[in-house]
Amino acid sequence: MLGKRRFHQGRCASAGAVLVEFALVAVVFFTVLLAAIEVATMFWVDLTMQYAVREGVRCAVTGQVNCTGVTGQTDRYAGIVQAIRMNSMGLYDYVSPVVTVWTVAADGSYQPPAPAQSFGIGGQIIVVDVDCTWPLMTAPVQAVFPGGQFRFRVAATMKNEAF
């Protein structure tokens, strides 16, 4: 009987030690796990916005006023923004985008497109540049980025079609 009691007391003592060890290791494990998920999410957001901007540029270089399927669209800039919004998988409003459209002049300088040209003429290069900010949630990842936000910039460049 005495031997059984010792075994029982030893098992309870080791169960308490296992619980303490798990509590210490679990904090580190879950912190690293959540940080890895957040870094993966940052890459996904960047790639998704890059795709959306590329589709926005495709809209711009075709010379169409309405390339998004939205009826009544008459402004090409609004069409580009709408194309980016439609292809961003719902991330457009979360990344606080600042969309800038440029054309490249013959001398290689960047300039905002003239309203009369409506984003350049056929054969001219057009650049759509979007500055984005993604809010971070995990403290270790927030510590690496200023202000706790992932700031990134995506851009796409294409040549206007002859329209």
# chains A, B, ... in the order shown; residues from 1 in each chain; ligands from 1

$ select_by_dssp --residues "region 12-147 of chain A" --states "helix (DSSP H, G or I)" --output "JSON, numbers by chain"
{"A": [12, 13, 14, 15, 16, 17, 18, 19, 20, 21, 22, 23, 24, 25, 26, 27, 28, 29, 30, 31, 32, 33, 34, 35, 36, 37, 38, 39, 40, 41, 42, 43, 44, 45, 46, 47, 48, 49, 50, 51, 52, 53, 54, 55, 56, 57, 58, 59, 60, 61, 76, 77, 78, 79, 80, 81, 82, 83, 84, 85, 86, 139, 140, 141, 142, 143, 144, 146, 147]}

$ closest_residue --among "A:Ile121, A:Val45, A:Ala162, A:Leu19" --to "Tyr92 (chain A)" --atoms "only C-alpha atoms"
A:Val45

$ atom_distance --atom1 "CA of Trp102 (chain A)" --atom2 "CA of Arg85 (chain A)"
18.8 Å

$ residues_around --residues "Arg151 (chain A)" --least-positions-apart "6" --cutoff "12 Å" --atoms "only C-alpha atoms" --output "list in words"
Met42, Phe43, Val45, Asp46, Val95, Ser96, Pro97, Val98, Val130, Asp131, Cys132, Thr133, Trp134, Pro135, Leu136, Gln142, Val144 and Phe145 of chain A

$ write_last_selection --atoms "N, CA and C atoms" --output "PDB file, in the first residue's frame"
ATOM      1  N   MET A  42       0.945  39.340 -44.640  1.00  0.00           N
ATOM      2  CA  MET A  42       1.527  40.532 -45.250  1.00  0.00           C
ATOM      3  C   MET A  42       1.940  40.248 -46.695  1.00  0.00           C
ATOM      4  N   PHE A  43       2.577  39.105 -46.937  1.00  0.00           N
ATOM      5  CA  PHE A  43       2.966  38.748 -48.298  1.00  0.00           C
ATOM      6  C   PHE A  43       1.743  38.553 -49.184  1.00  0.00           C
ATOM      7  N   VAL A  45      -1.247  39.973 -48.858  1.00  0.00           N
ATOM      8  CA  VAL A  45      -1.846  41.280 -49.136  1.00  0.00           C
ATOM      9  C   VAL A  45      -1.037  41.999 -50.215  1.00  0.00           C
ATOM     10  N   ASP A  46       0.276  41.954 -50.110  1.00  0.00           N
ATOM     11  CA  ASP A  46       1.137  42.603 -51.105  1.00  0.00           C
ATOM     12  C   ASP A  46       0.904  42.010 -52.495  1.00  0.00           C
ATOM     13  N   VAL A  95      -6.382  48.675 -46.912  1.00  0.00           N
ATOM     14  CA  VAL A  95      -4.984  49.090 -47.073  1.00  0.00           C
ATOM     15  C   VAL A  95      -4.825  50.596 -47.228  1.00  0.00           C
ATOM     16  N   SER A  96      -5.894  51.354 -47.153  1.00  0.00           N
ATOM     17  CA  SER A  96      -5.857  52.818 -47.274  1.00  0.00           C
ATOM     18  C   SER A  96      -5.019  53.255 -48.472  1.00  0.00           C
ATOM     19  N   PRO A  97      -5.415  52.883 -49.690  1.00  0.00           N
ATOM     20  CA  PRO A  97      -4.561  53.127 -50.855  1.00  0.00           C
ATOM     21  C   PRO A  97      -4.555  54.593 -51.303  1.00  0.00           C
ATOM     22  N   VAL A  98      -3.416  55.005 -51.832  1.00  0.00           N
ATOM     23  CA  VAL A  98      -3.272  56.292 -52.498  1.00  0.00           C
ATOM     24  C   VAL A  98      -2.837  55.971 -53.922  1.00  0.00           C
ATOM     25  N   VAL A 130       0.502  52.623 -56.380  1.00  0.00           N
ATOM     26  CA  VAL A 130      -0.405  52.631 -55.233  1.00  0.00           C
ATOM     27  C   VAL A 130       0.403  52.459 -53.953  1.00  0.00           C
ATOM     28  N   ASP A 131       0.285  53.435 -53.049  1.00  0.00           N
ATOM     29  CA  ASP A 131       0.873  53.333 -51.711  1.00  0.00           C
ATOM     30  C   ASP A 131      -0.175  52.745 -50.778  1.00  0.00           C
ATOM     31  N   CYS A 132       0.227  51.730 -50.010  1.00  0.00           N
ATOM     32  CA  CYS A 132      -0.715  51.026 -49.135  1.00  0.00           C
ATOM     33  C   CYS A 132      -0.166  50.936 -47.712  1.00  0.00           C
ATOM     34  N   THR A 133      -1.071  50.812 -46.763  1.00  0.00           N
ATOM     35  CA  THR A 133      -0.722  50.615 -45.358  1.00  0.00           C
ATOM     36  C   THR A 133      -1.589  49.492 -44.802  1.00  0.00           C
ATOM     37  N   TRP A 134      -0.950  48.467 -44.253  1.00  0.00           N
ATOM     38  CA  TRP A 134      -1.662  47.324 -43.674  1.00  0.00           C
ATOM     39  C   TRP A 134      -1.449  47.323 -42.169  1.00  0.00           C
ATOM     40  N   PRO A 135      -2.526  47.364 -41.365  1.00  0.00           N
ATOM     41  CA  PRO A 135      -2.362  47.360 -39.903  1.00  0.00           C
ATOM     42  C   PRO A 135      -1.923  45.978 -39.401  1.00  0.00           C
ATOM     43  N   LEU A 136      -0.972  45.972 -38.488  1.00  0.00           N
ATOM     44  CA  LEU A 136      -0.460  44.718 -37.927  1.00  0.00           C
ATOM     45  C   LEU A 136      -1.083  44.470 -36.553  1.00  0.00           C
ATOM     46  N   GLN A 142       4.735  43.971 -34.896  1.00  0.00           N
ATOM     47  CA  GLN A 142       4.547  45.417 -34.798  1.00  0.00           C
ATOM     48  C   GLN A 142       5.839  46.111 -34.379  1.00  0.00           C
ATOM     49  N   VAL A 144       8.785  45.444 -35.212  1.00  0.00           N
ATOM     50  CA  VAL A 144       9.737  45.526 -36.320  1.00  0.00           C
ATOM     51  C   VAL A 144       9.385  46.663 -37.280  1.00  0.00           C
ATOM     52  N   PHE A 145       8.100  46.983 -37.421  1.00  0.00           N
ATOM     53  CA  PHE A 145       7.648  47.986 -38.375  1.00  0.00           C
ATOM     54  C   PHE A 145       7.280  49.282 -37.664  1.00  0.00           C
TER      55      PHE A 145
END

$ atom_distance --atom1 "CA of Leu91 (chain A)" --atom2 "CA of Met137 (chain A)"
16.1 Å

$ atom_distance --atom1 "CA of Thr41 (chain A)" --atom2 "CA of Val81 (chain A)"
23.1 Å
